[in-house]
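K.L.:
Input coords-v6.csv, format and content: CSV, C-alpha atoms (C1' of nucleotides).
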```csv
chain,number,residue,atom,x,y,z
A,23,MET,CA,101.4,91.1,115.2
A,24,GLU,CA,99.7,90.9,111.8
A,25,LEU,CA,100.1,87.4,110.5
A,26,ILE,CA,99.7,88.5,106.9
A,27,MET,CA,102.4,91.1,107.2
A,28,VAL,CA,104.7,88.5,108.6
A,29,PHE,CA,104.0,86.1,105.7
A,30,LYS,CA,104.5,88.9,103.2
A,31,ALA,CA,107.8,89.8,104.9
A,32,LEU,CA,108.9,86.1,104.6
A,33,SER,CA,107.9,85.6,101.0
A,34,ASN,CA,111.3,86.7,99.9
A,35,GLN,CA,114.4,84.4,100.2
A,36,THR,CA,116.8,87.1,101.2
A,37,ARG,CA,114.5,88.2,104.0
A,38,ILE,CA,114.2,84.6,105.2
A,39,ASN,CA,118.0,84.4,105.1
A,40,ILE,CA,118.5,87.5,107.1
A,41,LEU,CA,116.3,86.1,109.9
A,42,VAL,CA,118.3,82.9,109.8
A,43,TRP,CA,121.7,84.6,109.7
A,44,LEU,CA,120.7,86.7,112.7
A,45,LYS,CA,119.9,83.6,114.7
A,46,GLN,CA,123.6,82.9,115.0
A,47,PRO,CA,125.4,86.0,113.8
A,48,HIS,CA,128.9,84.7,114.7
A,49,LEU,CA,128.3,81.8,112.4
A,50,HIS,CA,127.1,83.7,109.4
A,51,PHE,CA,129.1,86.9,109.8
A,52,PRO,CA,132.8,85.9,110.3
A,53,ALA,CA,134.4,88.1,112.9
A,54,ASP,CA,137.1,89.4,110.6
A,55,GLU,CA,134.4,90.6,108.1
A,56,LEU,CA,132.3,92.3,110.6
A,57,LYS,CA,132.6,96.0,110.7
A,58,ASP,CA,130.5,96.2,113.8
A,59,TYR,CA,129.0,93.6,116.0
A,60,ASP,CA,127.6,93.7,119.4
A,61,PRO,CA,125.8,90.6,120.7
A,62,ASN,CA,123.3,92.8,122.5
A,63,LEU,CA,122.6,95.1,119.6
A,64,GLY,CA,122.9,92.8,116.6
A,65,VAL,CA,124.5,93.4,113.2
A,66,CYS,CA,124.7,96.7,111.4
A,67,VAL,CA,123.1,97.3,108.0
A,68,SER,CA,126.4,97.4,106.0
A,69,ASP,CA,127.4,94.0,107.2
A,70,ILE,CA,124.0,92.5,106.2
A,71,LYS,CA,124.2,94.4,102.9
A,72,THR,CA,127.6,92.8,102.2
A,73,LYS,CA,126.4,89.3,103.1
A,74,ALA,CA,123.2,89.7,101.1
A,75,GLY,CA,124.9,91.2,98.1
A,76,LEU,CA,122.3,93.9,97.7
A,77,SER,CA,122.3,97.6,97.4
A,78,ALA,CA,122.2,99.7,100.5
A,79,SER,CA,118.7,100.9,99.7
A,80,THR,CA,117.2,97.5,99.2
A,81,THR,CA,118.9,96.2,102.3
A,82,SER,CA,117.5,99.1,104.3
A,83,ASP,CA,114.1,98.4,102.8
A,84,TYR,CA,114.2,94.7,103.7
A,85,LEU,CA,115.3,95.3,107.3
A,86,SER,CA,112.6,97.9,107.7
A,87,ILE,CA,110.0,95.4,106.4
A,88,LEU,CA,111.2,92.8,108.8
A,89,GLN,CA,111.1,95.4,111.6
A,90,LYS,CA,107.7,96.7,110.8
A,91,CYS,CA,106.1,93.3,111.1
A,92,GLY,CA,107.9,92.8,114.4
A,93,LEU,CA,110.4,90.1,113.6
A,94,LEU,CA,113.5,92.4,114.0
A,95,GLU,CA,114.4,95.2,116.4
A,96,ALA,CA,116.6,98.1,115.5
A,97,THR,CA,118.9,100.1,117.7
A,98,ARG,CA,120.5,103.2,116.4
A,99,VAL,CA,124.0,103.9,117.8
A,100,GLY,CA,125.6,106.9,116.3
A,101,GLN,CA,125.8,106.4,112.6
A,102,TRP,CA,125.0,102.8,112.8
A,103,THR,CA,121.7,101.0,113.0
A,104,TYR,CA,122.0,97.5,114.5
A,105,PHE,CA,119.4,94.9,113.8
A,106,LYS,CA,118.7,91.8,115.9
A,107,ARG,CA,115.9,89.3,116.1
A,108,ASN,CA,112.9,89.9,118.3
A,109,GLU,CA,112.9,86.5,119.8
A,110,GLY,CA,109.7,87.2,121.8
A,111,ALA,CA,107.9,88.1,118.6
A,112,ILE,CA,109.2,85.0,116.8
A,113,GLU,CA,107.9,82.8,119.6
A,114,THR,CA,104.6,84.6,119.5
A,115,LEU,CA,104.5,83.9,115.8
A,116,ASN,CA,105.1,80.2,116.3
A,117,LYS,CA,102.2,80.1,118.7
A,118,LEU,CA,100.0,82.1,116.5
A,119,ILE,CA,100.6,79.9,113.5
A,120,LYS,CA,100.1,76.8,115.6
A,121,LYS,CA,96.8,78.2,116.8
A,122,ALA,CA,95.5,79.6,113.5
A,123,PHE,CA,96.5,76.6,111.4
B,11,MET,CA,107.9,71.5,101.2
B,12,GLU,CA,109.3,74.8,100.1
B,13,LEU,CA,109.0,77.3,102.9
B,14,ILE,CA,109.1,80.2,100.6
B,15,MET,CA,106.2,78.8,98.5
B,16,VAL,CA,104.2,78.4,101.6
B,17,PHE,CA,104.8,81.9,102.7
B,18,LYS,CA,103.9,83.2,99.3
B,19,ALA,CA,100.7,81.2,99.4
B,20,LEU,CA,99.9,82.6,102.8
B,21,SER,CA,100.5,86.3,101.9
B,22,ASN,CA,97.0,86.8,100.9
B,23,GLN,CA,94.1,87.2,103.3
B,24,THR,CA,91.6,85.1,101.4
B,25,ARG,CA,94.0,82.2,101.2
B,26,ILE,CA,94.7,82.4,104.9
B,27,ASN,CA,91.0,82.4,105.4
B,28,ILE,CA,90.4,79.3,103.3
B,29,LEU,CA,92.9,77.4,105.4
B,30,VAL,CA,91.2,78.5,108.6
B,31,TRP,CA,87.7,77.8,107.2
B,32,LEU,CA,88.8,74.3,106.3
B,33,LYS,CA,90.0,73.6,109.7
B,34,GLN,CA,86.4,73.4,110.9
B,35,PRO,CA,84.2,73.3,107.8
B,36,HIS,CA,81.0,72.7,109.7
B,37,LEU,CA,81.6,75.9,111.6
B,38,HIS,CA,82.3,78.1,108.5
B,39,PHE,CA,80.1,76.4,106.0
B,40,PRO,CA,76.6,76.1,107.4
B,41,ALA,CA,75.2,72.8,106.4
B,42,ASP,CA,72.2,74.3,104.7
B,43,GLU,CA,74.4,76.4,102.5
B,44,LEU,CA,76.7,73.6,101.5
B,45,LYS,CA,76.1,72.1,98.2
B,46,ASP,CA,78.4,69.3,98.9
B,47,TYR,CA,80.4,68.3,101.9
B,48,ASP,CA,82.0,65.1,102.8
B,49,PRO,CA,84.1,65.2,106.0
B,50,ASN,CA,86.6,62.8,104.3
B,51,LEU,CA,86.9,64.8,101.1
B,52,GLY,CA,86.5,68.3,102.3
B,53,VAL,CA,84.5,71.2,100.7
B,54,CYS,CA,83.9,71.7,97.0
B,55,VAL,CA,85.2,74.7,95.0
B,56,SER,CA,81.7,76.3,94.6
B,57,ASP,CA,81.1,76.5,98.3
B,58,ILE,CA,84.5,78.0,98.9
B,59,LYS,CA,83.9,80.4,96.1
B,60,THR,CA,80.6,81.6,97.6
B,61,LYS,CA,82.1,82.0,101.1
B,62,ALA,CA,85.1,83.9,99.7
B,63,GLY,CA,83.0,86.1,97.4
B,64,LEU,CA,85.3,85.6,94.5
B,65,SER,CA,85.0,84.5,90.9
B,66,ALA,CA,85.2,80.9,90.1
B,67,SER,CA,88.5,81.3,88.3
B,68,THR,CA,90.2,83.2,91.1
B,69,THR,CA,88.9,80.6,93.6
B,70,SER,CA,90.3,77.8,91.5
B,71,ASP,CA,93.6,79.7,91.3
B,72,TYR,CA,93.8,80.2,95.0
B,73,LEU,CA,93.0,76.6,95.8
B,74,SER,CA,95.6,75.4,93.3
B,75,ILE,CA,98.2,77.7,94.9
B,76,LEU,CA,97.4,76.2,98.3
B,77,GLN,CA,97.5,72.7,96.9
B,78,LYS,CA,100.8,73.2,95.0
B,79,CYS,CA,102.7,74.2,98.1
B,80,GLY,CA,101.2,71.2,99.9
B,81,LEU,CA,98.8,72.8,102.4
B,82,LEU,CA,95.7,71.4,100.7
B,83,GLU,CA,94.8,68.1,99.1
B,84,ALA,CA,92.3,67.8,96.3
B,85,THR,CA,90.0,64.9,95.4
B,86,ARG,CA,88.0,65.0,92.2
B,87,VAL,CA,84.7,63.1,92.4
B,88,GLY,CA,82.6,63.4,89.3
B,89,GLN,CA,82.2,67.1,88.4
B,90,TRP,CA,83.3,68.3,91.8
B,91,THR,CA,86.7,68.9,93.3
B,92,TYR,CA,86.8,68.7,97.0
B,93,PHE,CA,89.6,70.4,99.0
B,94,LYS,CA,90.7,69.6,102.5
B,95,ARG,CA,93.7,70.5,104.6
B,96,ASN,CA,96.8,68.4,104.5
B,97,GLU,CA,97.2,68.2,108.2
B,98,GLY,CA,100.4,66.3,108.0
B,99,ALA,CA,102.0,69.0,105.8
B,100,ILE,CA,100.7,71.7,108.2
B,101,GLU,CA,102.3,69.9,111.1
B,102,THR,CA,105.5,69.6,109.1
B,103,LEU,CA,105.3,73.3,108.4
B,104,ASN,CA,105.0,74.2,112.1
B,105,LYS,CA,108.1,72.1,112.8
B,106,LEU,CA,110.0,73.6,109.9
B,107,ILE,CA,109.2,77.1,111.0
B,108,LYS,CA,110.2,76.3,114.6
B,109,LYS,CA,113.4,74.8,113.4
B,110,ALA,CA,114.4,77.5,110.9
B,111,PHE,CA,113.4,80.5,112.9
C,26,DC,C1',133.1,123.8,109.5
C,27,DA,C1',134.1,120.3,105.6
C,28,DA,C1',134.7,115.7,104.2
C,29,DA,C1',133.6,111.0,104.9
C,30,DT,C1',130.6,107.2,106.5
C,31,DA,C1',126.2,104.8,107.4
C,32,DT,C1',121.6,104.8,106.7
C,33,DA,C1',117.1,106.2,105.0
C,34,DT,C1',114.2,108.1,101.6
C,35,DC,C1',112.7,109.0,97.0
C,36,DG,C1',111.5,108.4,92.3
C,37,DA,C1',111.7,105.2,88.5
C,38,DT,C1',111.3,100.9,85.9
C,39,DA,C1',110.7,95.8,85.6
C,40,DT,C1',108.6,92.0,87.4
C,41,DT,C1',105.0,89.7,89.9
C,42,DT,C1',100.5,89.2,91.8
C,43,DA,C1',95.4,89.9,92.0
C,44,DC,C1',91.3,89.2,89.8
C,45,DC,C1',88.2,89.1,86.3
C,46,DG,C1',85.4,87.3,82.2
C,47,DA,C1',85.5,84.2,78.3
C,48,DA,C1',86.4,79.9,76.6
C,49,DA,C1',87.7,75.0,77.2
C,50,DT,C1',87.1,70.7,79.7
C,51,DT,C1',84.7,67.2,82.1
C,52,DA,C1',80.8,64.9,84.0
C,53,DC,C1',75.8,64.2,84.5
C,54,DG,C1',71.2,63.5,83.5
C,55,DA,C1',67.1,63.9,80.4
D,7,DT,C1',73.6,63.3,72.3
D,8,DC,C1',72.4,68.0,74.2
D,9,DG,C1',72.1,71.1,77.7
D,10,DT,C1',73.6,72.3,82.2
D,11,DA,C1',76.7,72.6,86.1
D,12,DA,C1',81.5,72.5,88.1
D,13,DT,C1',86.0,73.4,87.4
D,14,DT,C1',90.1,74.8,85.0
D,15,DT,C1',92.7,77.3,81.8
D,16,DC,C1',93.7,81.5,79.3
D,17,DG,C1',94.5,86.1,78.2
D,18,DG,C1',94.1,90.8,80.0
D,19,DT,C1',94.4,94.9,83.0
D,20,DA,C1',95.3,97.0,87.5
D,21,DA,C1',97.7,97.0,91.6
D,22,DA,C1',101.6,95.7,94.3
D,23,DT,C1',106.4,94.3,94.9
D,24,DA,C1',111.4,94.2,93.8
D,25,DT,C1',115.3,96.7,93.2
D,26,DC,C1',118.2,100.2,91.8
D,27,DG,C1',120.7,104.8,91.7
D,28,DA,C1',120.5,109.4,93.2
D,29,DT,C1',119.6,112.2,96.9
D,30,DA,C1',118.9,113.5,101.7
D,31,DT,C1',120.0,113.1,106.7
D,32,DA,C1',122.7,112.1,110.5
D,33,DT,C1',127.0,111.4,112.8
D,34,DT,C1',131.9,111.3,113.3
D,35,DT,C1',136.4,113.1,112.6
D,36,DG,C1',140.1,116.0,110.9
```
As C-alpha coordinates, what does this structure read like?
P.N.:
Amino acid sequence: MELIMVFKALSNQTRINILVWLKQPHLHFPADELKDYDPNLGVCVSDIKTKAGLSASTTSDYLSILQKCGLLEATRVGQWTYFKRNEGAIETLNKLIKKAF
Amino acid sequence: MELIMVFKALSNQTRINILVWLKQPHLHFPADELKDYDPNLGVCVSDIKTKAGLSASTTSDYLSILQKCGLLEATRVGQWTYFKRNEGAIETLNKLIKKAF
DNA sequence: CAAATATATCGATATTTACCGAAATTACGA
DNA sequence: TCGTAATTTCGGTAAATATCGATATATTTG
(Lines of atoms letter the chains of each structure in order from A and count residues from 1; the text may use other names and numbers.)
(Lines give C-alpha, C1' and ligand atoms only; values in the text may rest on other atoms or scores of the structure.)
Protein backbone atom coordinates (compact mmCIF):
# COMPACT_ATOMS: atom_id res chain seq x y z
CA MET A 1 0.00 0.00 0.00
CA GLU A 2 1.43 3.30 -1.14
CA LEU A 3 0.73 5.90 1.49
CA ILE A 4 0.90 8.73 -1.00
CA MET A 5 -1.62 7.06 -3.30
CA VAL A 6 -4.00 6.71 -0.38
CA PHE A 7 -3.61 10.38 0.52
CA LYS A 8 -4.23 11.42 -3.07
CA ALA A 9 -7.30 9.24 -3.17
CA LEU A 10 -8.56 10.84 0.03
CA SER A 11 -7.95 14.45 -0.98
CA ASN A 12 -11.40 14.67 -2.48
CA GLN A 13 -14.50 15.09 -0.36
CA THR A 14 -16.67 12.78 -2.42
CA ARG A 15 -14.15 9.97 -2.22
CA ILE A 16 -13.95 10.42 1.54
CA ASN A 17 -17.73 10.29 1.64
CA ILE A 18 -17.85 7.08 -0.36
CA LEU A 19 -15.54 5.42 2.13
CA VAL A 20 -17.70 6.60 5.01
CA TRP A 21 -20.95 5.61 3.31
CA LEU A 22 -19.66 2.12 2.68
CA LYS A 23 -18.85 1.68 6.33
CA GLN A 24 -22.56 1.39 7.04
CA PRO A 25 -24.32 0.96 3.72
CA HIS A 26 -27.75 0.36 5.22
CA LEU A 27 -27.47 3.71 6.94
CA HIS A 28 -26.48 5.74 3.92
CA PHE A 29 -28.27 3.88 1.18
CA PRO A 30 -31.92 3.46 2.25
CA ALA A 31 -33.14 0.01 1.28
CA ASP A 32 -35.94 1.31 -0.89
CA GLU A 33 -33.50 3.38 -2.95
CA LEU A 34 -31.04 0.60 -3.46
CA LYS A 35 -31.15 -1.05 -6.82
CA ASP A 36 -28.83 -3.71 -5.63
CA TYR A 37 -27.24 -4.47 -2.35
CA ASP A 38 -25.57 -7.52 -1.00
CA PRO A 39 -23.84 -7.19 2.36
CA ASN A 40 -21.09 -9.47 1.19
CA LEU A 41 -20.50 -7.73 -2.11
CA GLY A 42 -21.20 -4.14 -1.25
CA VAL A 43 -23.04 -1.46 -3.21
CA CYS A 44 -23.18 -1.15 -6.97
CA VAL A 45 -21.85 1.78 -8.97
CA SER A 46 -25.25 3.21 -9.91
CA ASP A 47 -26.36 3.51 -6.33
CA ILE A 48 -23.15 5.27 -5.37
CA LYS A 49 -23.49 7.50 -8.41
CA THR A 50 -27.02 8.50 -7.36
CA LYS A 51 -25.95 9.18 -3.79
CA ALA A 52 -22.92 11.22 -4.90
CA GLY A 53 -24.80 13.14 -7.56
CA LEU A 54 -22.05 12.66 -10.11
CA SER A 55 -21.91 11.38 -13.65
CA ALA A 56 -21.40 7.68 -14.24
CA SER A 57 -17.95 8.23 -15.64
CA THR A 58 -16.74 10.28 -12.69
CA THR A 59 -18.23 7.82 -10.24
CA SER A 60 -16.51 4.95 -12.00
CA ASP A 61 -13.25 6.91 -11.95
CA TYR A 62 -13.52 7.60 -8.24
CA LEU A 63 -14.26 4.03 -7.35
CA SER A 64 -11.38 2.89 -9.47
CA ILE A 65 -9.05 5.33 -7.71
CA LEU A 66 -10.17 4.05 -4.32
CA GLN A 67 -9.75 0.50 -5.51
CA LYS A 68 -6.30 0.99 -6.99
CA CYS A 69 -4.91 2.33 -3.75
CA GLY A 70 -6.41 -0.65 -1.94
CA LEU A 71 -9.16 0.95 0.08
CA LEU A 72 -12.01 -0.70 -1.83
CA GLU A 73 -12.60 -4.09 -3.35
CA ALA A 74 -14.71 -4.70 -6.43
CA THR A 75 -16.72 -7.72 -7.40
CA ARG A 76 -18.28 -8.00 -10.81
CA VAL A 77 -21.52 -9.94 -10.90
CA GLY A 78 -23.16 -9.93 -14.27
CA GLN A 79 -23.64 -6.38 -15.39
CA TRP A 80 -23.03 -4.95 -11.96
CA THR A 81 -19.86 -4.09 -10.16
CA TYR A 82 -20.20 -4.05 -6.41
CA PHE A 83 -17.80 -2.13 -4.25
CA LYS A 84 -17.11 -2.63 -0.58
CA ARG A 85 -14.44 -1.49 1.82
CA ASN A 86 -11.27 -3.48 2.21
CA GLU A 87 -11.31 -3.44 6.00
CA GLY A 88 -7.96 -5.17 6.22
CA ALA A 89 -6.31 -2.52 4.10
CA ILE A 90 -7.94 0.24 6.12
CA GLU A 91 -6.60 -1.27 9.31
CA THR A 92 -3.17 -1.55 7.73
CA LEU A 93 -3.45 2.09 6.74
CA ASN A 94 -4.17 3.12 10.31
CA LYS A 95 -1.11 1.26 11.50
CA LEU A 96 1.05 2.67 8.73
CA ILE A 97 0.02 6.20 9.55
CA LYS A 98 0.59 5.66 13.24
CA LYS A 99 4.03 4.25 12.50
CA ALA A 100 5.11 6.79 9.88
CA PHE A 101 3.82 9.88 11.65
CA MET B 1 -8.68 20.11 11.88
CA GLU B 2 -10.02 19.62 8.39
CA LEU B 3 -9.37 16.05 7.36
CA ILE B 4 -9.42 16.92 3.69
CA MET B 5 -6.85 19.69 4.14
CA VAL B 6 -4.57 17.24 5.88
CA PHE B 7 -4.93 14.73 3.08
CA LYS B 8 -4.18 17.39 0.48
CA ALA B 9 -1.14 18.43 2.43
CA LEU B 10 0.03 14.83 2.56
CA SER B 11 -0.50 14.04 -1.10
CA ASN B 12 3.00 15.17 -1.94
CA GLN B 13 6.03 13.03 -1.23
CA THR B 14 8.25 15.88 -0.10
CA ARG B 15 5.68 17.07 2.41
CA ILE B 16 5.34 13.54 3.74
CA ASN B 17 9.12 13.40 4.02
CA ILE B 18 9.28 16.66 5.93
CA LEU B 19 6.86 15.32 8.50
CA VAL B 20 8.92 12.15 8.86
CA TRP B 21 12.22 14.01 9.04
CA LEU B 22 10.91 16.24 11.78
CA LYS B 23 9.94 13.26 13.87
CA GLN B 24 13.62 12.63 14.56
CA PRO B 25 15.52 15.70 13.43
CA HIS B 26 18.89 14.56 14.78
CA LEU B 27 18.57 11.47 12.61
CA HIS B 28 17.73 13.24 9.38
CA PHE B 29 19.59 16.47 9.82
CA PRO B 30 23.18 15.60 10.80
CA ALA B 31 24.39 18.03 13.41
CA ASP B 32 27.30 19.26 11.34
CA GLU B 33 24.98 20.16 8.50
CA LEU B 34 22.52 21.99 10.64
CA LYS B 35 22.79 25.70 10.54
CA ASP B 36 20.35 25.97 13.35
CA TYR B 37 18.60 23.48 15.50
CA ASP B 38 16.86 23.79 18.77
CA PRO B 39 15.01 20.73 20.01
CA ASN B 40 12.29 22.93 21.40
CA LEU B 41 11.87 25.03 18.30
CA GLY B 42 12.57 22.55 15.55
CA VAL B 43 14.51 22.98 12.33
CA CYS B 44 14.83 26.15 10.31
CA VAL B 45 13.61 26.59 6.74
CA SER B 46 17.07 26.64 5.14
CA ASP B 47 18.02 23.29 6.57
CA ILE B 48 14.79 21.74 5.38
CA LYS B 49 15.28 23.38 2.00
CA THR B 50 18.76 21.85 1.69
CA LYS B 51 17.54 18.42 2.72
CA ALA B 52 14.58 18.55 0.33
CA GLY B 53 16.60 19.94 -2.54
CA LEU B 54 13.98 22.52 -3.37
CA SER B 55 14.01 26.25 -3.87
CA ALA B 56 13.48 28.50 -0.89
CA SER B 57 10.09 29.61 -2.14
CA THR B 58 8.77 26.10 -2.64
CA THR B 59 10.10 25.03 0.73
CA SER B 60 8.41 27.96 2.39
CA ASP B 61 5.19 27.11 0.55
CA TYR B 62 5.27 23.51 1.67
CA LEU B 63 5.95 24.36 5.27
CA SER B 64 3.15 26.84 5.22
CA ILE B 65 0.76 24.23 3.82
CA LEU B 66 1.73 21.80 6.56
CA GLN B 67 1.33 24.50 9.14
CA LYS B 68 -2.06 25.70 7.91
CA CYS B 69 -3.58 22.25 8.21
CA GLY B 70 -2.18 22.01 11.73
CA LEU B 71 0.52 19.38 11.33
CA LEU B 72 3.42 21.76 11.98
CA GLU B 73 4.04 24.67 14.29
CA ALA B 74 6.26 27.61 13.44
CA THR B 75 8.31 29.82 15.71
CA ARG B 76 10.01 32.88 14.41
CA VAL B 77 13.23 33.80 16.18
CA GLY B 78 15.03 36.70 14.66
CA GLN B 79 15.57 36.01 10.99
CA TRP B 80 14.84 32.32 11.31
CA THR B 81 11.60 30.44 11.29
CA TYR B 82 11.78 27.11 13.03
CA PHE B 83 9.32 24.37 12.27
CA LYS B 84 8.45 21.40 14.41
CA ARG B 85 5.69 18.83 14.44
CA ASN B 86 2.49 19.51 16.30
CA GLU B 87 2.38 16.16 18.04
CA GLY B 88 -0.99 16.86 19.57
CA ALA B 89 -2.52 17.51 16.18
CA ILE B 90 -0.94 14.40 14.75
CA GLU B 91 -2.41 12.34 17.52
CA THR B 92 -5.79 13.92 16.94
CA LEU B 93 -5.42 13.09 13.26
CA ASN B 94 -4.81 9.45 14.06
CA LYS B 95 -7.91 9.33 16.19
CA LEU B 96 -9.97 11.14 13.58
CA ILE B 97 -8.90 8.74 10.87
CA LYS B 98 -9.57 5.75 13.07
CA LYS B 99 -13.02 7.11 13.88
CA ALA B 100 -13.99 8.22 10.38
CA PHE B 101 -12.72 5.20 8.51
C1' DC C 1 -30.22 -11.45 -32.54
C1' DA C 2 -31.78 -6.58 -30.98
C1' DA C 3 -32.71 -3.52 -27.37
C1' DA C 4 -31.81 -2.09 -22.85
C1' DT C 5 -28.94 -1.62 -18.67
C1' DA C 6 -24.59 -1.12 -16.06
C1' DT C 7 -20.06 0.01 -16.22
C1' DA C 8 -15.68 1.40 -18.20
C1' DT C 9 -12.88 4.00 -21.24
C1' DC C 10 -11.72 7.95 -24.03
C1' DG C 11 -10.95 12.51 -25.38
C1' DA C 12 -11.70 17.34 -24.08
C1' DT C 13 -11.69 21.46 -21.23
C1' DA C 14 -11.43 23.87 -16.75
C1' DT C 15 -9.37 24.07 -12.45
C1' DT C 16 -5.72 23.09 -9.26
C1' DT C 17 -1.12 22.03 -7.98
C1' DA C 18 3.99 22.04 -8.46
C1' DC C 19 7.85 24.74 -8.64
C1' DC C 20 10.67 28.27 -9.99
C1' DG C 21 13.01 32.96 -10.02
C1' DA C 22 12.44 37.77 -8.89
C1' DA C 23 11.12 40.99 -5.71
C1' DA C 24 9.64 42.36 -1.01
C1' DT C 25 10.25 41.94 4.03
C1' DT C 26 12.58 41.44 8.25
C1' DA C 27 16.55 41.00 11.14
C1' DC C 28 21.44 41.36 12.08
C1' DG C 29 25.93 43.04 12.33
C1' DA C 30 29.83 46.04 10.72
C1' DT D 1 22.60 53.00 7.82
C1' DC D 2 24.24 49.44 4.33
C1' DG D 3 24.94 45.02 3.02
C1' DT D 4 23.90 40.37 3.79
C1' DA D 5 21.15 36.42 5.11
C1' DA D 6 16.59 34.11 5.94
C1' DT D 7 12.10 33.92 4.77
C1' DT D 8 7.87 35.10 2.45
C1' DT D 9 5.15 36.69 -1.25
C1' DC D 10 4.16 37.21 -6.07
C1' DG D 11 3.57 36.18 -10.74
C1' DG D 12 4.33 32.67 -14.27
C1' DT D 13 4.48 28.17 -16.75
C1' DA D 14 4.15 23.22 -16.84
C1' DA D 15 2.06 19.25 -15.15
C1' DA D 16 -1.69 16.94 -12.84
C1' DT D 17 -6.50 16.48 -11.45
C1' DA D 18 -11.59 17.06 -11.89
C1' DT D 19 -15.34 16.21 -14.41
C1' DC D 20 -18.11 15.75 -18.29
C1' DG D 21 -20.42 13.66 -22.49
C1' DA D 22 -19.80 10.42 -26.01
C1' DT D 23 -18.51 6.04 -27.10
C1' DA D 24 -17.30 1.22 -26.24
C1' DT D 25 -17.99 -3.22 -23.77
C1' DA D 26 -20.46 -6.60 -21.37
C1' DT D 27 -24.60 -8.72 -19.82
C1' DT D 28 -29.38 -9.64 -19.62
C1' DT D 29 -33.80 -10.22 -21.60
C1' DG D 30 -37.46 -10.22 -24.98
K.L.:
When you get a sec, could you note down which chain C residues fall within 12 Å of chain B, using only C-alpha atoms (C1' of nucleotides), as a list in words?
P.N.:
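Within 12 Å of chain B on chain C, we get DT41, DT42, DA43, DC44, DC45, DG46, DA47, DA48, DT50, DT51, DA52 and DC53 of chain C.
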K.L.:
Those selected residues, please, written with C-alpha atoms (C1' of nucleotides) and delivered as a PDB file, in the frame of the given file.
P.N.:
```pdb
ATOM      1  C1'  DT C  41     105.000  89.700  89.900  1.00  0.00           C
ATOM      2  C1'  DT C  42     100.500  89.200  91.800  1.00  0.00           C
ATOM      3  C1'  DA C  43      95.400  89.900  92.000  1.00  0.00           C
ATOM      4  C1'  DC C  44      91.300  89.200  89.800  1.00  0.00           C
ATOM      5  C1'  DC C  45      88.200  89.100  86.300  1.00  0.00           C
ATOM      6  C1'  DG C  46      85.400  87.300  82.200  1.00  0.00           C
ATOM      7  C1'  DA C  47      85.500  84.200  78.300  1.00  0.00           C
ATOM      8  C1'  DA C  48      86.400  79.900  76.600  1.00  0.00           C
ATOM      9  C1'  DT C  50      87.100  70.700  79.700  1.00  0.00           C
ATOM     10  C1'  DT C  51      84.700  67.200  82.100  1.00  0.00           C
ATOM     11  C1'  DA C  52      80.800  64.900  84.000  1.00  0.00           C
ATOM     12  C1'  DC C  53      75.800  64.200  84.500  1.00  0.00           C
TER      13       DC C  53
END
```
K.L.:
Can you tell me how far atom CA of Lys94 of chain B sits from atom CA of Gly52 of chain B, in Å to one decimal?
P.N.:
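Separation of atom CA of Lys94 of chain B and atom CA of Gly52 of chain B: 4.4 Å.
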K.L.:
I need the contact residues of chain D against chain B, so if you could list those with any atom within 9 Å, counting all atoms listed in the file, and return them as an NGL selection string, that would help.
P.N.:
:D and (11-15)
K.L.:
Any idea which chain A residues end up within 9 Å of chain B if we count all atoms listed in the file, as a VMD selection string please?
P.N.:
chain A and resid 25 to 35 38 41 to 42 45 112 to 113 116 119 to 120 122 to 123
K.L.:
By how many Å are atom CA of Glu95 of chain A and atom CA of Gln46 of chain A apart?
P.N.:
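Interatomic distance, atom CA of Glu95 of chain A to atom CA of Gln46 of chain A: 15.4 Å.
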K.L.:
Atom C1' of DT34 of chain D and atom C1' of DA27 of chain C are how many Å apart?
P.N.:
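Separation between atom C1' of DT34 of chain D and atom C1' of DA27 of chain C: 12.0 Å.
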K.L.:
Nearest to Gln89 of chain A: which of A:Leu118, A:Ala53, A:Val65, A:Ala111 is it, counting all atoms listed in the file?
P.N.:
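The closest residue to Gln89 of chain A is A:Ala111.
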K.L.:
For a cut-off of 10 Å around (137.3, 114.7, 103.4), file coordinates, pick out all residues using only C-alpha atoms (C1' of nucleotides) and list them as number ranges by chain.
P.N.:
C: 27-29; D: 35-36
K.L.:
From the list A:Thr72, A:Leu63, A:Leu93, A:Arg37, which residue is nearest Phe51 of chain A when using only C-alpha atoms?
P.N.:
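Ranking A:Thr72, A:Leu63, A:Leu93, A:Arg37 by distance to Phe51 of chain A, first place goes to A:Thr72.
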K.L.:
Output segment 94-105 of chain A with N, CA, C and O atoms present, as a CSV table (one decimal), keeping the file's coordinate frame.
P.N.:
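Okay, this is what ended up in result_1.csv:
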```
chain,number,residue,atom,x,y,z
A,94,LEU,N,112.1,91.9,113.7
A,94,LEU,CA,113.5,92.4,114.0
A,94,LEU,C,113.3,93.7,114.9
A,94,LEU,O,112.3,94.3,114.8
A,95,GLU,N,114.3,93.9,115.6
A,95,GLU,CA,114.4,95.2,116.4
A,95,GLU,C,115.6,95.9,116.0
A,95,GLU,O,116.6,95.4,115.6
A,96,ALA,N,115.5,97.2,116.0
A,96,ALA,CA,116.6,98.1,115.5
A,96,ALA,C,117.1,99.0,116.7
A,96,ALA,O,116.3,99.4,117.5
A,97,THR,N,118.4,99.2,116.7
A,97,THR,CA,118.9,100.1,117.7
A,97,THR,C,119.9,101.0,116.9
A,97,THR,O,120.8,100.5,116.3
A,98,ARG,N,119.6,102.3,117.0
A,98,ARG,CA,120.5,103.2,116.4
A,98,ARG,C,121.6,103.6,117.4
A,98,ARG,O,121.3,104.0,118.5
A,99,VAL,N,122.8,103.5,117.0
A,99,VAL,CA,124.0,103.9,117.8
A,99,VAL,C,124.9,104.8,116.9
A,99,VAL,O,125.5,104.2,116.1
A,100,GLY,N,124.8,106.1,117.1
A,100,GLY,CA,125.6,106.9,116.3
A,100,GLY,C,125.2,106.8,114.8
A,100,GLY,O,124.0,106.8,114.5
A,101,GLN,N,126.1,106.5,114.0
A,101,GLN,CA,125.8,106.4,112.6
A,101,GLN,C,125.3,105.1,112.1
A,101,GLN,O,124.9,104.8,111.0
A,102,TRP,N,125.4,104.1,113.1
A,102,TRP,CA,125.0,102.8,112.8
A,102,TRP,C,123.6,102.4,113.2
A,102,TRP,O,123.1,102.9,114.3
A,103,THR,N,123.0,101.5,112.5
A,103,THR,CA,121.7,101.0,113.0
A,103,THR,C,122.0,99.5,113.1
A,103,THR,O,122.3,98.8,112.1
A,104,TYR,N,121.8,98.9,114.3
A,104,TYR,CA,122.0,97.5,114.5
A,104,TYR,C,120.6,96.8,114.5
A,104,TYR,O,119.7,97.3,115.0
A,105,PHE,N,120.6,95.7,113.9
A,105,PHE,CA,119.4,94.9,113.8
A,105,PHE,C,119.6,93.5,114.5
A,105,PHE,O,120.7,92.9,114.3
```
